[in-house]
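Q: Below is one structure. I have some questions about it.
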Amino acid sequence: MQVRLRVSDLARMALSWAISSVALVTADQLLSGLHASSPWRLVAAAAVTGLFGFLLRPVLTAVAGAIGWWAVGLLAITGQAVVMHLTILVVPGIEATSFWTLVAATWIAATVGTRTSSRISSLVTLARR
């Protein structure tokens, strides 16, 4: 199977990375238990989190589905925090005081990312009219 990336695919990936970076910087500013030695560490963390999420999310989802609905619910709440924890282990210069800080950080990042993506999508839709 051959995978073909178009310029628009690369642009979407770059935009997603930028939005994720801004979302992590926002979480860092809002949570006293999350600290990065520089904003560039969070930009790197956004890239690593995206890669880890791409690789691990299908595995976590399959395991949760095999266990049952309560595991799916637990994964919905904490799955991305697990991915973020693995990212912090790989990217130096980022610290979190607890796992629950990571849960809060991922929910803040998801909220910021979703709102930003929605606004950008609305602007693109308006521009196409």
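Residue numbering restarts at 1 for every chain of the structure tokens, chains are lettered A, B, ... in their displayed order, and ligands are numbered from 1 as they appear.
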Going by DSSP on the backbone, which residues of chain A come out as alpha helix (DSSP H)? List them as a ChimeraX atom specification.

A: /A:7-30,39-67,69-90,99-128

Q: Would you pick out the contacts of Gln29 of chain A at 12 Å or less, using only C-alpha atoms, so that residues sharing its chain but fewer than 2 positions from it are not included, and give the list as a CSV table (one decimal) with N, CA and C atoms, in the first residue's frame?

A:
chain,number,residue,atom,x,y,z
A,22,VAL,N,0.3,25.7,21.1
A,22,VAL,CA,-0.4,26.8,21.8
A,22,VAL,C,-1.2,26.2,22.9
A,23,ALA,N,-1.9,25.1,22.7
A,23,ALA,CA,-2.7,24.5,23.8
A,23,ALA,C,-1.9,24.1,25.0
A,24,LEU,N,-0.7,23.5,24.7
A,24,LEU,CA,0.2,23.1,25.8
A,24,LEU,C,0.8,24.3,26.5
A,25,VAL,N,1.1,25.3,25.8
A,25,VAL,CA,1.6,26.5,26.4
A,25,VAL,C,0.5,27.1,27.3
A,26,THR,N,-0.7,27.1,26.9
A,26,THR,CA,-1.8,27.6,27.7
A,26,THR,C,-2.0,26.7,29.0
A,27,ALA,N,-1.9,25.4,28.8
A,27,ALA,CA,-2.0,24.6,30.0
A,27,ALA,C,-0.9,24.8,31.0
A,31,LEU,N,-1.7,25.9,34.9
A,31,LEU,CA,-1.5,24.9,35.9
A,31,LEU,C,-0.2,25.1,36.6
A,32,SER,N,-0.2,25.3,37.9
A,32,SER,CA,1.0,25.5,38.7
A,32,SER,C,1.8,24.2,38.8
A,33,GLY,N,1.1,23.1,38.6
A,33,GLY,CA,1.8,21.8,38.7
A,33,GLY,C,2.5,21.3,37.4
A,34,LEU,N,2.4,22.1,36.3
A,34,LEU,CA,3.0,21.8,35.1
A,34,LEU,C,4.0,22.9,34.8
A,35,HIS,N,5.3,22.5,34.5
A,35,HIS,CA,6.3,23.5,34.2
A,35,HIS,C,7.2,23.0,33.1
A,36,ALA,N,7.5,23.9,32.2
A,36,ALA,CA,8.5,23.7,31.1
A,36,ALA,C,9.6,24.7,31.2
A,38,SER,N,11.3,25.9,28.8
A,38,SER,CA,11.1,26.9,27.7
A,38,SER,C,9.9,26.5,26.9
A,39,PRO,N,9.3,27.5,26.3
A,39,PRO,CA,8.1,27.2,25.4
A,39,PRO,C,8.5,26.2,24.3
A,42,LEU,N,7.7,22.7,25.0
A,42,LEU,CA,6.3,22.3,24.8
A,42,LEU,C,6.0,22.1,23.3
A,105,ALA,N,-4.0,19.0,32.3
A,105,ALA,CA,-3.3,19.6,31.2
A,105,ALA,C,-3.9,19.1,29.9
A,108,ILE,N,-7.3,20.7,29.3
A,108,ILE,CA,-7.2,22.1,28.9
A,108,ILE,C,-6.7,22.2,27.5
A,109,ALA,N,-5.7,21.4,27.1
A,109,ALA,CA,-5.1,21.4,25.8
A,109,ALA,C,-6.2,21.0,24.8

Q: Excluding His85 of chain A and its own-chain neighbours fewer than 4 positions away, which residues fall within 9 Å of it when counting only C-alpha atoms? Please give them as a PDB file with N, CA, C and O atoms, in the first residue's frame.

A:
ATOM      1  N   GLN A  80      -5.182  10.152  27.199  1.00  0.00           N
ATOM      2  CA  GLN A  80      -4.245  11.151  26.683  1.00  0.00           C
ATOM      3  C   GLN A  80      -3.237  11.564  27.756  1.00  0.00           C
ATOM      4  O   GLN A  80      -2.105  11.908  27.438  1.00  0.00           O
ATOM      5  N   ALA A  81      -3.623  11.493  29.025  1.00  0.00           N
ATOM      6  CA  ALA A  81      -2.677  11.790  30.102  1.00  0.00           C
ATOM      7  C   ALA A  81      -1.556  10.754  30.135  1.00  0.00           C
ATOM      8  O   ALA A  81      -0.403  11.081  30.428  1.00  0.00           O
ATOM      9  N   LEU A  89       8.513  11.830  29.788  1.00  0.00           N
ATOM     10  CA  LEU A  89       9.682  10.975  30.010  1.00  0.00           C
ATOM     11  C   LEU A  89      10.703  11.105  28.879  1.00  0.00           C
ATOM     12  O   LEU A  89      11.900  10.927  29.102  1.00  0.00           O
ATOM     13  N   VAL A  90      10.236  11.421  27.675  1.00  0.00           N
ATOM     14  CA  VAL A  90      11.114  11.493  26.504  1.00  0.00           C
ATOM     15  C   VAL A  90      11.658  12.902  26.276  1.00  0.00           C
ATOM     16  O   VAL A  90      12.821  13.072  25.907  1.00  0.00           O
ATOM     17  N   ALA A  96       5.747  17.588  35.671  1.00  0.00           N
ATOM     18  CA  ALA A  96       4.385  17.633  36.200  1.00  0.00           C
ATOM     19  C   ALA A  96       4.426  17.076  37.612  1.00  0.00           C
ATOM     20  O   ALA A  96       5.111  16.091  37.875  1.00  0.00           O
ATOM     21  N   PHE A  99       0.007  12.867  38.250  1.00  0.00           N
ATOM     22  CA  PHE A  99      -0.725  12.355  37.100  1.00  0.00           C
ATOM     23  C   PHE A  99      -1.976  13.184  36.854  1.00  0.00           C
ATOM     24  O   PHE A  99      -2.351  13.433  35.707  1.00  0.00           O
ATOM     25  N   LEU A 102      -1.436  16.087  34.780  1.00  0.00           N
ATOM     26  CA  LEU A 102      -1.415  15.727  33.358  1.00  0.00           C
ATOM     27  C   LEU A 102      -2.831  15.557  32.811  1.00  0.00           C
ATOM     28  O   LEU A 102      -3.108  15.937  31.671  1.00  0.00           O
TER      29      LEU A 102
END

Q: Which one is closest to Thr101 of chain A: A:Leu86, A:Leu30, A:Val43, A:Leu60? Count only C-alpha atoms.

A: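 Closest residue, counting only C-alpha atoms: A:Leu30.
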
Q: Which residues of segment 27-106 of chain A sit at most 10 Å from segment 4-16 of chain A, using only C-alpha atoms? Give each one's shortest atom pair and distance in Å (one decimal place), in chain and ascending residue order, as CSV.

A:
residue,atom,partner,partner_atom,distance
A:Ala46,CA,A:Ser16,CA,9.3
A:Ala47,CA,A:Ser16,CA,9.5
A:Gly50,CA,A:Ser16,CA,9.1

Q: Could you turn the residues from that selection into a file that holds N, CA and C atoms, as a compact mmCIF listing (two decimals), in the first residue's frame?

A:
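Full text of again38.txt as output:
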# COMPACT_ATOMS: atom_id res chain seq x y z
N ALA A 46 4.51 18.72 21.91
CA ALA A 46 3.32 18.61 21.06
C ALA A 46 3.59 17.65 19.90
N ALA A 47 4.78 17.72 19.33
CA ALA A 47 5.12 16.80 18.23
C ALA A 47 5.22 15.36 18.73
N GLY A 50 1.81 13.96 19.61
CA GLY A 50 1.09 13.58 18.40
C GLY A 50 1.56 12.24 17.86

Q: Please return as number ranges by chain: the residues of chain A that backbone DSSP assigns to strand (DSSP E).

A: A: 34-36, 94-96

Q: Could you please take those selected residues and save N, CA and C atoms as a short mmCIF file (atom, residue, chain, number, x, y, z; two decimals), in the first residue's frame?

A:
data_model
loop_
_atom_site.label_atom_id
_atom_site.label_comp_id
_atom_site.auth_asym_id
_atom_site.auth_seq_id
_atom_site.Cartn_x
_atom_site.Cartn_y
_atom_site.Cartn_z
N LEU A 34 2.41 22.13 36.34
CA LEU A 34 3.04 21.82 35.07
C LEU A 34 4.05 22.90 34.77
N HIS A 35 5.28 22.51 34.46
CA HIS A 35 6.32 23.50 34.19
C HIS A 35 7.22 23.02 33.07
N ALA A 36 7.51 23.93 32.15
CA ALA A 36 8.46 23.65 31.07
C ALA A 36 9.58 24.68 31.17
N ILE A 94 10.45 19.29 30.97
CA ILE A 94 9.04 19.42 31.30
C ILE A 94 8.77 18.57 32.53
N GLU A 95 8.08 19.17 33.50
CA GLU A 95 7.77 18.45 34.73
C GLU A 95 6.30 18.61 35.08
N ALA A 96 5.75 17.59 35.67
CA ALA A 96 4.38 17.63 36.20
C ALA A 96 4.43 17.08 37.61
#

Q: So, with only C-alpha atoms as the atoms that count, which of A:Leu51, A:Ile88, A:Val72, A:Val112 lies closest to Ile19 of chain A?

A: A:Val112
